[in-house]
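Novice: Quick one: the structure is below, questions incoming.
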Amino acid sequence: MAEPLLQVRGLTTRFRTDGGVVTAVDSVSFDVAAGETVAIVGESGSGKSVTALSILRLIPDPPGKIEKGEVIFDGVDLLKLDDVAIRAVRGNKIAMIFQEPMSSLNPALTIGKQIGEPINLHRKAPWTQAIDKAKELLGRVRIPDAAARVNAWPHQFSGGMRQRAMIAMALACQPKLIIADEPTTALDVTVQAQILDLLKNQAREAGSALILITHDLGVVARYADRVVVMYGGRIVETAPARILYKHPRHPYTKGLMASIPRLDGDTRQRLVPIEGQPPNLALLPPGCAFAARCRMATQRCHDERPPLEAVAENHLKACFLETPAEAHA
Amino acid sequence: MPDATTPIATDEILRVEDLKVHFPVMKGVVIQKQVATVKAVDGISFTLRRGETLGLVGESGCGKSTTGLAVLRMLPPTEGRIIFEGEDIAGYDGERMRHTRRRMQMVYQDPYGSLNPRMRVRDIVGEPLEVHGLGDDRRALRERVAALISMVGLLPDMADRYPHEFSGGQRQRIGIARAMALEPSLIICDEAVSALDVSIQAQVVNLFMELQQRLGLTYIFIAHDLAVVRHISDRIAVMYLGKIVEIATRDELYRDPLHPYTQALLAAIPIPDPELEATRPQQIITGEVPSALRPPPGCRFHPRCPHAMDVCKTQEPPLKGRPGGRAVACHLHP
């Protein structure tokens with residue numbers, strides 16, 4: 001089997017806060033194969049965004065610090081690169097799309113300049129060529145009248161068009177990996193569907209792998225090949241999307257699935273929430289981060305941290321409990 | 001209570017007729033003049049039965065939140081009637097409205113912005129009672145606040161804490177306790193669970209439904225999440241650019257949406273089931289919601305509508321009632 005495009009190993013990122021040292025990402029390991037779409041799901045504070053930022057070393061230091069781990073991309077550990085070398089990766093081999101397109105676009109530069117910038121910077125293309133390429137990219141992300149819009153300012157674009165421009169910028173250097181952090185959370189549902197379809201199709205055409213960070217289990221189901229579920233800074237379960245939705249093994253994943261209302265669900269049925277509150281990352285217990293909210297937790301779960309182990313092919317979970325499916329097997 | 005309202009003959013609690021909320025757009029620093037009008041809500045009508053939940057859905061700028069605020073008279077209606085418990089409150093002055101507002105309350109989206117950070121939970125929850133002169137008996141007030149706090153699932157010793165000590169879901173419970181303090185009959189929930197994490201969202205949705213069963217509350221549940229709205233509502237009104245385009249019972253709307261916009265909204269929402277998603281027809285409409293400053297002529301949805309005909313470009317379709325109490329505003333369904 002070919003080496004995966006990205007191998008994250010034991011990634012640990014901490015922040016110093018007034019409330020103490022917070023381990024936002026705790027020994028996280030996962031792979032992304034070339035061309036694959038991997039979703040990282042979790043709720044606020046689960047560490048999904050910090051994981052993404054750590055891969056590109058975009059953690060503000062201080063207060064944050066990547067303490068441990070390896071991020072091996074195309075055979076090179078990104079955490080060992082110097083500043084110049086990591087800058088040559090960002091926006092070039094790995095592109096990132098953020099949640100808020102207004103704050104991630106420079107309001108004082110035209111759209112065309114911003115899309116052309118990575119081409120000018122990484123491909124050493126002269127500006128006239130870079131702007132031509134920007135026009136072509138704007139057309140690819142279906143911005144009408146791209147030739148004129150290349151000279152527009154970000155404030156002249158709607159939220160959906162800004163996110164299209166961000167996608168164009170991400171595609172500029174044909175990256176091998178695109179990381180999209182809640183790319184559509186700020187958008188209306190009909191626009192969300194347009195943008196995610198565009199992102200997925202463009203990534204497929206360019207052969208780019210995609211890491212999609214989201215809290216929306218519907219979005220994951222529609223777009224992801226594989227899913228990484230995070231809770232309290234740790235991976236609790238990872239599996240191919242179809243298997244995860246059909247046979248979730250970790251009590252947190254099961255709880256999430258039972259707590260969301262579905263468009264096609266049974267309306268007479270009560271939602272089954274996960275009781276309790278999300279954990280305080282500064283005061284995590286020594287054991288499983290989910291133990292305090294888990295109905296089936298034993299003393300061992302509170303004392304000892306469960307390792308992420310295979311329960312089936314390509315399916316890992318971090319839980320001491322046997323699920324009925326395993327008991328049968 | 002001294003001012004108990006006389007029971008009304010029907011079980012209708014709210015009737016909104018041809019409600020319009022327009023905002024002037026002003027230009028100029030010294031001499032201001034009106035240059036345009038934003039028709040945020042542009043002639044909507046609906047009724048609400050006691051104990052019912054009406055979902056109000058649509059994308060940003062459709063006027064759903066403005067409708068909620070206007071019904072509570074926190075925004076002045078430009079035109080139309082708002083008949084609440086038999087009285088037209090659209091023209092009520094401040095004093096009479098203050099009195100009426102005891103029976104209609106709001107729960108807001110942002111549990112961080114809507115609670116005063118310098119007040120203890122007990123004072124936040126008790127404040128409406130004091131404002132309405134029901135707090136003179138201190139012991140009774142304390143007991144009432146304690147009852148409200150336990151009713152929303154918080155612990156008694158939380159009463160003396162401040163909002164920052166609570167998580168988002170707990171703060172939303174505090175907001176709900178405050179809204180319940182005056183025993184309102186109508187509660188308007190404006191994106192009341194939208195800011196919460198999914199595992200917490202289910203807790204709060206269940207709380208809303210339990211309180212409704214226990215206290216016979218009527219809800220207007222404003223949200224953009226159609227799955228949550230479906231779960232909680234009896235009937236649903238879909239809004240687009242200041243108009244109701246379709247109103248139907250929950251099951252009818254989701255089983256057989258008639259308006260192309262309703263169909264587009266439902267198709268855009270992914271279902272958390274990868275196998276189903278792989279086979280689901282993906283009909284994604286193009287374009288974005290136009291500015292409410294310049295709504296398209298004719299049917300406001302026509303530039304994005306896959307079925308638009310010539311008549312749609314010039315004539316605005318009225319909201320036409322159909323058998324079974326549903327109504328749709330579309331030339332395809334005359």
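Residue numbering restarts at 1 for every chain of the structure tokens, chains are lettered A, B, ... in their displayed order, and ligands are numbered from 1 as they appear.
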For chain B, list the residues within 10 Å of chain A, counting only C-alpha atoms, and write the list as a PyMOL selection string.
Specialist: chain B and resi 58-60+166-170+196-206+209+224-233+250-251+254-255+261+264-278+280+282-290
Novice: List the neighbours of Leu54 in chain B out to 12 Å using only C-alpha atoms; skip same-chain residues closer than 2 positions along the sequence, and give me the result as a JSON list (two decimals) with all heavy atoms, in the first residue's frame.
Specialist:
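Saved as part-v7.json:
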```json
[["chain", "number", "residue", "atom", "x", "y", "z"],
["B", 13, "ILE", "N", -55.03, 31.89, 19.74],
["B", 13, "ILE", "CA", -54.32, 32.78, 20.67],
["B", 13, "ILE", "C", -53.74, 33.99, 19.94],
["B", 13, "ILE", "O", -53.66, 35.09, 20.49],
["B", 13, "ILE", "CB", -53.23, 32.01, 21.44],
["B", 13, "ILE", "CG1", -52.56, 32.90, 22.48],
["B", 13, "ILE", "CG2", -52.20, 31.41, 20.51],
["B", 13, "ILE", "CD1", -51.66, 32.15, 23.41],
["B", 14, "LEU", "N", -53.37, 33.78, 18.68],
["B", 14, "LEU", "CA", -52.74, 34.87, 17.93],
["B", 14, "LEU", "C", -53.22, 34.84, 16.49],
["B", 14, "LEU", "O", -53.32, 33.78, 15.87],
["B", 14, "LEU", "CB", -51.21, 34.71, 17.96],
["B", 14, "LEU", "CG", -50.41, 35.77, 17.22],
["B", 14, "LEU", "CD1", -50.42, 37.10, 17.96],
["B", 14, "LEU", "CD2", -48.97, 35.31, 17.01],
["B", 46, "PHE", "N", -50.95, 34.90, 9.52],
["B", 46, "PHE", "CA", -51.03, 33.52, 10.03],
["B", 46, "PHE", "C", -51.80, 33.52, 11.34],
["B", 46, "PHE", "O", -52.00, 34.58, 11.95],
["B", 46, "PHE", "CB", -49.64, 32.89, 10.21],
["B", 46, "PHE", "CG", -48.75, 33.62, 11.18],
["B", 46, "PHE", "CD1", -48.78, 33.33, 12.55],
["B", 46, "PHE", "CD2", -47.86, 34.59, 10.74],
["B", 46, "PHE", "CE1", -47.93, 34.00, 13.44],
["B", 46, "PHE", "CE2", -47.03, 35.27, 11.62],
["B", 46, "PHE", "CZ", -47.07, 34.98, 12.98],
["B", 47, "THR", "N", -52.24, 32.35, 11.74],
["B", 47, "THR", "CA", -52.91, 32.23, 13.04],
["B", 47, "THR", "C", -52.21, 31.16, 13.85],
["B", 47, "THR", "O", -51.46, 30.34, 13.31],
["B", 47, "THR", "CB", -54.38, 31.82, 12.89],
["B", 47, "THR", "OG1", -54.43, 30.56, 12.23],
["B", 47, "THR", "CG2", -55.18, 32.86, 12.13],
["B", 48, "LEU", "N", -52.49, 31.19, 15.13],
["B", 48, "LEU", "CA", -51.81, 30.26, 16.04],
["B", 48, "LEU", "C", -52.84, 29.81, 17.06],
["B", 48, "LEU", "O", -53.54, 30.63, 17.65],
["B", 48, "LEU", "CB", -50.68, 31.02, 16.72],
["B", 48, "LEU", "CG", -49.51, 30.27, 17.31],
["B", 48, "LEU", "CD1", -48.90, 29.35, 16.28],
["B", 48, "LEU", "CD2", -48.46, 31.26, 17.78],
["B", 49, "ARG", "N", -52.97, 28.49, 17.24],
["B", 49, "ARG", "CA", -53.88, 27.98, 18.26],
["B", 49, "ARG", "C", -53.14, 27.82, 19.58],
["B", 49, "ARG", "O", -51.93, 27.61, 19.62],
["B", 49, "ARG", "CB", -54.45, 26.62, 17.83],
["B", 49, "ARG", "CG", -55.46, 26.69, 16.71],
["B", 49, "ARG", "CD", -56.16, 25.35, 16.55],
["B", 49, "ARG", "NE", -55.22, 24.24, 16.48],
["B", 49, "ARG", "CZ", -54.60, 23.86, 15.37],
["B", 49, "ARG", "NH1", -54.82, 24.50, 14.24],
["B", 49, "ARG", "NH2", -53.77, 22.84, 15.37],
["B", 50, "ARG", "N", -53.91, 27.89, 20.65],
["B", 50, "ARG", "CA", -53.32, 27.74, 21.97],
["B", 50, "ARG", "C", -52.68, 26.35, 22.10],
["B", 50, "ARG", "O", -53.28, 25.34, 21.70],
["B", 50, "ARG", "CB", -54.42, 27.91, 23.04],
["B", 50, "ARG", "CG", -53.91, 28.26, 24.40],
["B", 50, "ARG", "CD", -55.04, 28.64, 25.33],
["B", 50, "ARG", "NE", -55.54, 29.99, 25.10],
["B", 50, "ARG", "CZ", -54.97, 31.08, 25.60],
["B", 50, "ARG", "NH1", -53.90, 30.98, 26.35],
["B", 50, "ARG", "NH2", -55.47, 32.27, 25.36],
["B", 51, "GLY", "N", -51.48, 26.30, 22.62],
["B", 51, "GLY", "CA", -50.80, 25.03, 22.82],
["B", 51, "GLY", "C", -50.07, 24.51, 21.58],
["B", 51, "GLY", "O", -49.46, 23.44, 21.62],
["B", 52, "GLU", "N", -50.11, 25.30, 20.51],
["B", 52, "GLU", "CA", -49.50, 24.86, 19.26],
["B", 52, "GLU", "C", -48.09, 25.43, 19.12],
["B", 52, "GLU", "O", -47.77, 26.45, 19.73],
["B", 52, "GLU", "CB", -50.38, 25.38, 18.11],
["B", 52, "GLU", "CG", -49.97, 24.93, 16.73],
["B", 52, "GLU", "CD", -50.81, 25.57, 15.64],
["B", 52, "GLU", "OE1", -51.20, 26.75, 15.78],
["B", 52, "GLU", "OE2", -51.08, 24.90, 14.65],
["B", 56, "LEU", "N", -41.11, 28.90, 12.16],
["B", 56, "LEU", "CA", -40.94, 29.97, 11.18],
["B", 56, "LEU", "C", -39.54, 29.80, 10.61],
["B", 56, "LEU", "O", -38.56, 29.99, 11.33],
["B", 56, "LEU", "CB", -41.09, 31.30, 11.90],
["B", 56, "LEU", "CG", -41.71, 32.50, 11.20],
["B", 56, "LEU", "CD1", -43.04, 32.14, 10.58],
["B", 56, "LEU", "CD2", -41.92, 33.64, 12.20],
["B", 57, "VAL", "N", -39.46, 29.40, 9.34],
["B", 57, "VAL", "CA", -38.14, 29.09, 8.78],
["B", 57, "VAL", "C", -37.86, 29.91, 7.53],
["B", 57, "VAL", "O", -38.77, 30.43, 6.88],
["B", 57, "VAL", "CB", -38.00, 27.59, 8.42],
["B", 57, "VAL", "CG1", -38.19, 26.72, 9.63],
["B", 57, "VAL", "CG2", -38.98, 27.20, 7.33],
["B", 64, "LYS", "N", -37.92, 36.45, 9.30],
["B", 64, "LYS", "CA", -38.49, 35.62, 10.37],
["B", 64, "LYS", "C", -38.25, 36.24, 11.75],
["B", 64, "LYS", "O", -39.17, 36.27, 12.58],
["B", 64, "LYS", "CB", -37.97, 34.18, 10.30],
["B", 64, "LYS", "CG", -36.45, 34.02, 10.32],
["B", 64, "LYS", "CD", -36.07, 32.57, 9.98],
["B", 64, "LYS", "CE", -34.61, 32.27, 10.27],
["B", 64, "LYS", "NZ", -33.64, 33.06, 9.49],
["B", 68, "GLY", "N", -40.99, 37.97, 14.56],
["B", 68, "GLY", "CA", -41.05, 37.68, 16.00],
["B", 68, "GLY", "C", -41.00, 38.95, 16.83],
["B", 68, "GLY", "O", -41.79, 39.13, 17.76],
["B", 186, "LEU", "N", -47.64, 32.84, 25.41],
["B", 186, "LEU", "CA", -46.95, 32.72, 24.12],
["B", 186, "LEU", "C", -45.46, 32.99, 24.32],
["B", 186, "LEU", "O", -45.08, 33.98, 24.94],
["B", 186, "LEU", "CB", -47.53, 33.74, 23.13],
["B", 186, "LEU", "CG", -46.81, 33.87, 21.78],
["B", 186, "LEU", "CD1", -46.91, 32.60, 20.97],
["B", 186, "LEU", "CD2", -47.34, 35.05, 20.99],
["B", 187, "ILE", "N", -44.64, 32.09, 23.79],
["B", 187, "ILE", "CA", -43.20, 32.31, 23.85],
["B", 187, "ILE", "C", -42.65, 32.27, 22.44],
["B", 187, "ILE", "O", -42.96, 31.36, 21.66],
["B", 187, "ILE", "CB", -42.51, 31.25, 24.73],
["B", 187, "ILE", "CG1", -43.00, 31.46, 26.16],
["B", 187, "ILE", "CG2", -41.00, 31.38, 24.64],
["B", 187, "ILE", "CD1", -42.24, 30.70, 27.18],
["B", 188, "ILE", "N", -41.86, 33.28, 22.12],
["B", 188, "ILE", "CA", -41.23, 33.34, 20.81],
["B", 188, "ILE", "C", -39.77, 32.95, 21.00],
["B", 188, "ILE", "O", -39.04, 33.58, 21.76],
["B", 188, "ILE", "CB", -41.38, 34.74, 20.19],
["B", 188, "ILE", "CG1", -42.88, 35.01, 19.99],
["B", 188, "ILE", "CG2", -40.61, 34.83, 18.88],
["B", 188, "ILE", "CD1", -43.21, 36.33, 19.37],
["B", 189, "CYS", "N", -39.37, 31.87, 20.35],
["B", 189, "CYS", "CA", -38.00, 31.38, 20.47],
["B", 189, "CYS", "C", -37.27, 31.76, 19.20],
["B", 189, "CYS", "O", -37.55, 31.21, 18.13],
["B", 189, "CYS", "CB", -38.00, 29.86, 20.62],
["B", 189, "CYS", "SG", -39.11, 29.25, 21.88],
["B", 217, "LEU", "N", -48.06, 25.78, 26.88],
["B", 217, "LEU", "CA", -47.51, 26.97, 26.22],
["B", 217, "LEU", "C", -47.73, 26.92, 24.71],
["B", 217, "LEU", "O", -47.88, 25.86, 24.12],
["B", 217, "LEU", "CB", -46.01, 27.05, 26.47],
["B", 217, "LEU", "CG", -45.57, 27.27, 27.91],
["B", 217, "LEU", "CD1", -44.09, 26.98, 28.04],
["B", 217, "LEU", "CD2", -45.87, 28.70, 28.31],
["B", 218, "THR", "N", -47.74, 28.10, 24.12],
["B", 218, "THR", "CA", -47.78, 28.23, 22.67],
["B", 218, "THR", "C", -46.42, 28.80, 22.23],
["B", 218, "THR", "O", -45.92, 29.73, 22.85],
["B", 218, "THR", "CB", -48.89, 29.21, 22.26],
["B", 218, "THR", "OG1", -50.10, 28.80, 22.91],
["B", 218, "THR", "CG2", -49.08, 29.23, 20.76],
["B", 219, "TYR", "N", -45.85, 28.21, 21.19],
["B", 219, "TYR", "CA", -44.54, 28.68, 20.73],
["B", 219, "TYR", "C", -44.59, 29.17, 19.29],
["B", 219, "TYR", "O", -45.25, 28.56, 18.45],
["B", 219, "TYR", "CB", -43.50, 27.55, 20.74],
["B", 219, "TYR", "CG", -43.08, 27.02, 22.08],
["B", 219, "TYR", "CD1", -42.95, 25.65, 22.27],
["B", 219, "TYR", "CD2", -42.77, 27.86, 23.14],
["B", 219, "TYR", "CE1", -42.52, 25.12, 23.47],
["B", 219, "TYR", "CE2", -42.35, 27.34, 24.36],
["B", 219, "TYR", "CZ", -42.23, 25.97, 24.52],
["B", 219, "TYR", "OH", -41.81, 25.45, 25.71],
["B", 220, "ILE", "N", -43.83, 30.23, 19.04],
["B", 220, "ILE", "CA", -43.39, 30.50, 17.67],
["B", 220, "ILE", "C", -41.90, 30.18, 17.67],
["B", 220, "ILE", "O", -41.13, 30.80, 18.41],
["B", 220, "ILE", "CB", -43.63, 31.97, 17.25],
["B", 220, "ILE", "CG1", -45.13, 32.27, 17.22],
["B", 220, "ILE", "CG2", -43.02, 32.22, 15.87],
["B", 220, "ILE", "CD1", -45.46, 33.70, 16.82],
["B", 221, "PHE", "N", -41.52, 29.17, 16.92],
["B", 221, "PHE", "CA", -40.15, 28.68, 16.97],
["B", 221, "PHE", "C", -39.44, 29.10, 15.68],
["B", 221, "PHE", "O", -39.65, 28.53, 14.62],
["B", 221, "PHE", "CB", -40.15, 27.16, 17.12],
["B", 221, "PHE", "CG", -38.86, 26.60, 17.61],
["B", 221, "PHE", "CD1", -38.60, 26.52, 18.97],
["B", 221, "PHE", "CD2", -37.91, 26.16, 16.72],
["B", 221, "PHE", "CE1", -37.39, 26.01, 19.43],
["B", 221, "PHE", "CE2", -36.70, 25.65, 17.17],
["B", 221, "PHE", "CZ", -36.45, 25.57, 18.52],
["B", 222, "ILE", "N", -38.62, 30.14, 15.81],
["B", 222, "ILE", "CA", -37.93, 30.72, 14.64],
["B", 222, "ILE", "C", -36.56, 30.06, 14.52],
["B", 222, "ILE", "O", -35.79, 30.08, 15.49],
["B", 222, "ILE", "CB", -37.77, 32.24, 14.82],
["B", 222, "ILE", "CG1", -39.14, 32.90, 14.98],
["B", 222, "ILE", "CG2", -36.99, 32.84, 13.67],
["B", 222, "ILE", "CD1", -39.07, 34.33, 15.46],
["B", 223, "ALA", "N", -36.26, 29.48, 13.38],
["B", 223, "ALA", "CA", -34.97, 28.82, 13.25],
["B", 223, "ALA", "C", -34.64, 28.62, 11.78],
["B", 223, "ALA", "O", -35.52, 28.63, 10.93],
["B", 223, "ALA", "CB", -34.98, 27.47, 13.96],
["B", 229, "VAL", "N", -36.68, 22.31, 13.53],
["B", 229, "VAL", "CA", -38.03, 22.86, 13.41],
["B", 229, "VAL", "C", -39.04, 21.74, 13.18],
["B", 229, "VAL", "O", -40.12, 21.71, 13.75],
["B", 229, "VAL", "CB", -38.08, 23.88, 12.25],
["B", 229, "VAL", "CG1", -39.51, 24.24, 11.90],
["B", 229, "VAL", "CG2", -37.31, 25.13, 12.65],
["B", 230, "ARG", "N", -38.67, 20.80, 12.35],
["B", 230, "ARG", "CA", -39.57, 19.68, 12.08],
["B", 230, "ARG", "C", -39.85, 18.91, 13.37],
["B", 230, "ARG", "O", -40.97, 18.47, 13.61],
["B", 230, "ARG", "CB", -38.92, 18.75, 11.06],
["B", 230, "ARG", "CG", -39.70, 17.48, 10.81],
["B", 230, "ARG", "CD", -39.07, 16.73, 9.64],
["B", 230, "ARG", "NE", -39.79, 15.48, 9.39],
["B", 230, "ARG", "CZ", -39.46, 14.33, 9.95],
["B", 230, "ARG", "NH1", -38.45, 14.26, 10.80],
["B", 230, "ARG", "NH2", -40.14, 13.23, 9.66],
["B", 231, "HIS", "N", -38.83, 18.75, 14.17],
["B", 231, "HIS", "CA", -38.99, 17.97, 15.39],
["B", 231, "HIS", "C", -39.95, 18.62, 16.38],
["B", 231, "HIS", "O", -40.70, 17.95, 17.07],
["B", 231, "HIS", "CB", -37.62, 17.77, 16.05],
["B", 231, "HIS", "CG", -37.65, 16.79, 17.16],
["B", 231, "HIS", "ND1", -37.61, 15.44, 16.94],
["B", 231, "HIS", "CD2", -37.75, 16.96, 18.49],
["B", 231, "HIS", "CE1", -37.69, 14.81, 18.09],
["B", 231, "HIS", "NE2", -37.77, 15.70, 19.05],
["B", 232, "ILE", "N", -39.94, 19.94, 16.44],
["B", 232, "ILE", "CA", -40.64, 20.63, 17.52],
["B", 232, "ILE", "C", -41.99, 21.22, 17.08],
["B", 232, "ILE", "O", -42.85, 21.48, 17.92],
["B", 232, "ILE", "CB", -39.71, 21.73, 18.12],
["B", 232, "ILE", "CG1", -40.12, 22.05, 19.56],
["B", 232, "ILE", "CG2", -39.66, 22.96, 17.27],
["B", 232, "ILE", "CD1", -39.08, 22.86, 20.30],
["B", 233, "SER", "N", -42.21, 21.42, 15.77],
["B", 233, "SER", "CA", -43.38, 22.21, 15.33],
["B", 233, "SER", "C", -44.58, 21.35, 14.96],
["B", 233, "SER", "O", -44.45, 20.21, 14.51],
["B", 233, "SER", "CB", -43.01, 23.05, 14.11],
["B", 233, "SER", "OG", -41.86, 23.81, 14.37],
["B", 234, "ASP", "N", -45.78, 21.93, 15.13],
["B", 234, "ASP", "CA", -47.00, 21.31, 14.61],
["B", 234, "ASP", "C", -47.25, 21.79, 13.18],
["B", 234, "ASP", "O", -47.66, 21.02, 12.33],
["B", 234, "ASP", "CB", -48.20, 21.71, 15.48],
["B", 234, "ASP", "CG", -48.00, 21.26, 16.91],
["B", 234, "ASP", "OD1", -47.80, 20.06, 17.11],
["B", 234, "ASP", "OD2", -48.03, 22.11, 17.82],
["B", 235, "ARG", "N", -47.05, 23.10, 12.99],
["B", 235, "ARG", "CA", -47.20, 23.68, 11.66],
["B", 235, "ARG", "C", -45.97, 24.50, 11.37],
["B", 235, "ARG", "O", -45.30, 24.97, 12.30],
["B", 235, "ARG", "CB", -48.45, 24.56, 11.58],
["B", 235, "ARG", "CG", -49.73, 23.76, 11.34],
["B", 235, "ARG", "CD", -50.89, 24.69, 11.05],
["B", 235, "ARG", "NE", -50.95, 25.72, 12.08],
["B", 235, "ARG", "CZ", -51.21, 27.00, 11.81],
["B", 235, "ARG", "NH1", -51.43, 27.40, 10.58],
["B", 235, "ARG", "NH2", -51.26, 27.88, 12.79],
["B", 236, "ILE", "N", -45.71, 24.72, 10.08],
["B", 236, "ILE", "CA", -44.50, 25.45, 9.70],
["B", 236, "ILE", "C", -44.82, 26.46, 8.61],
["B", 236, "ILE", "O", -45.54, 26.14, 7.65],
["B", 236, "ILE", "CB", -43.40, 24.47, 9.22],
["B", 236, "ILE", "CG1", -42.91, 23.64, 10.42],
["B", 236, "ILE", "CG2", -42.22, 25.21, 8.61],
["B", 236, "ILE", "CD1", -42.38, 22.31, 10.07],
["B", 237, "ALA", "N", -44.31, 27.67, 8.78],
["B", 237, "ALA", "CA", -44.42, 28.69, 7.74],
["B", 237, "ALA", "C", -43.02, 28.92, 7.17],
["B", 237, "ALA", "O", -42.07, 29.12, 7.92],
["B", 237, "ALA", "CB", -44.98, 29.99, 8.32],
["B", 238, "VAL", "N", -42.90, 28.88, 5.86],
["B", 238, "VAL", "CA", -41.62, 29.11, 5.19],
["B", 238, "VAL", "C", -41.62, 30.53, 4.65],
["B", 238, "VAL", "O", -42.54, 30.93, 3.93],
["B", 238, "VAL", "CB", -41.40, 28.11, 4.03],
["B", 238, "VAL", "CG1", -40.05, 28.33, 3.38],
["B", 238, "VAL", "CG2", -41.54, 26.68, 4.53],
["B", 247, "ILE", "N", -47.29, 27.54, 3.97],
["B", 247, "ILE", "CA", -47.58, 27.23, 5.36],
["B", 247, "ILE", "C", -48.38, 25.94, 5.37],
["B", 247, "ILE", "O", -49.29, 25.76, 4.56],
["B", 247, "ILE", "CB", -48.29, 28.41, 6.06],
["B", 247, "ILE", "CG1", -48.49, 28.14, 7.54],
["B", 247, "ILE", "CG2", -49.61, 28.77, 5.41],
["B", 247, "ILE", "CD1", -48.79, 29.42, 8.34],
["B", 248, "ALA", "N", -47.96, 25.00, 6.21],
["B", 248, "ALA", "CA", -48.60, 23.68, 6.20],
["B", 248, "ALA", "C", -48.31, 22.97, 7.51],
["B", 248, "ALA", "O", -47.43, 23.40, 8.27],
["B", 248, "ALA", "CB", -48.07, 22.85, 5.04],
["B", 249, "THR", "N", -49.03, 21.87, 7.74],
["B", 249, "THR", "CA", -48.69, 21.08, 8.91],
["B", 249, "THR", "C", -47.32, 20.45, 8.67],
["B", 249, "THR", "O", -46.88, 20.30, 7.52],
["B", 249, "THR", "CB", -49.69, 19.94, 9.15],
["B", 249, "THR", "OG1", -49.64, 19.07, 8.03],
["B", 249, "THR", "CG2", -51.10, 20.46, 9.34],
["B", 250, "ARG", "N", -46.70, 20.08, 9.76],
["B", 250, "ARG", "CA", -45.36, 19.55, 9.68],
["B", 250, "ARG", "C", -45.26, 18.39, 8.69],
["B", 250, "ARG", "O", -44.42, 18.39, 7.80],
["B", 250, "ARG", "CB", -44.94, 19.10, 11.08],
["B", 250, "ARG", "CG", -43.55, 18.60, 11.15],
["B", 250, "ARG", "CD", -43.34, 17.27, 11.83],
["B", 250, "ARG", "NE", -44.37, 16.74, 12.66],
["B", 250, "ARG", "CZ", -44.27, 16.62, 13.97],
["B", 250, "ARG", "NH1", -43.22, 17.09, 14.59],
["B", 250, "ARG", "NH2", -45.21, 16.03, 14.65]]
```
Novice: Go through B:Gly94, B:Pro295, B:Gly321, B:Pro24 one by one, measure the shortest atom-to-atom distance of each to Arg73 in chain B using only C-alpha atoms, and give the residue with the smallest value.
Specialist: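 Closest to Arg73 in chain B of all the choices is B:Gly94.
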Novice: Which residues come within 9 Å of Gln163 in chain A, counting only C-alpha atoms, excluding same-chain residues fewer than 5 positions away, as a ChimeraX atom specification?
Specialist: /A:97-102,158,168,183-184,195
Novice: So the first atom is CA of Lys48 in chain A and the second is CA of Val229 in chain A; what is the distance between them in Å, to one decimal place?
Specialist: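 Going from CA of Lys48 in chain A over to CA of Val229 in chain A covers 8.7 Å.
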Novice: If you run DSSP on this backbone, which residues of range 63-202 of chain A come out as strand (DSSP E), and could you give them as a list in words?
Specialist: Gly64, Lys65, Ile66, Glu67, Lys68, Gly69, Glu70, Val71, Ile72, Phe73, Val76, Asp77, Ile94, Ala95, Met96, Ile97, Leu177, Ile178, Ile179, Ala180 and Asp181 of chain A
Novice: Could you give me, as a VMD selection string, each residue of range 200-241 of chain A that DSSP assigns to helix (DSSP H, G or I) when run on this structure's backbone?
Specialist: chain A and resid 200 to 206 217 to 223 241
Novice: Can you list, as number ranges by chain, every protein, DNA or RNA residue that comes within 10 Å of range 307-309 of chain B when you count only C-alpha atoms, leaving out same-chain residues fewer than 3 positions away?
Specialist: B: 260, 299, 301-304, 312-314, 330-332
Novice: Contacts of Ala203 in chain A at 10 Å or less, counting only C-alpha atoms, minus same-chain residues fewer than 2 places along, as a list of chain:residue names?
Specialist: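 Neighbouring residues, sequence-local ones excluded: A:Gly35, A:Glu36, A:Thr37, A:Ile167, A:Ala170, A:Leu171, A:Gln174, A:Pro175, A:Lys176, A:Leu177, A:Ile178, A:Asp197, A:Leu198, A:Leu199, A:Lys200, A:Asn201, A:Glu205, A:Ala206, A:Gly207, A:Ser208, A:Ala209, A:Leu210.
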Novice: Point out the residue among A:Leu58, A:Ala147, A:Ala172, A:Val71 with the least atom-to-atom distance to Gln114 in chain A, counting only C-alpha atoms.
Specialist: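 Selected residue with least distance to Gln114 in chain A: A:Ala172.
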Novice: Kindly give the distance, in Å, that separates CA of Leu182 in chain B and CA of Leu115 in chain B, rounded to a single decimal.
Specialist: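 CA of Leu115 in chain B lies 17.2 Å from CA of Leu182 in chain B.
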Novice: CA of Ala146 in chain B and CA of Leu211 in chain B, how far apart in Å?
Specialist: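 Result for CA of Leu211 in chain B versus CA of Ala146 in chain B: 16.2 Å, one decimal.
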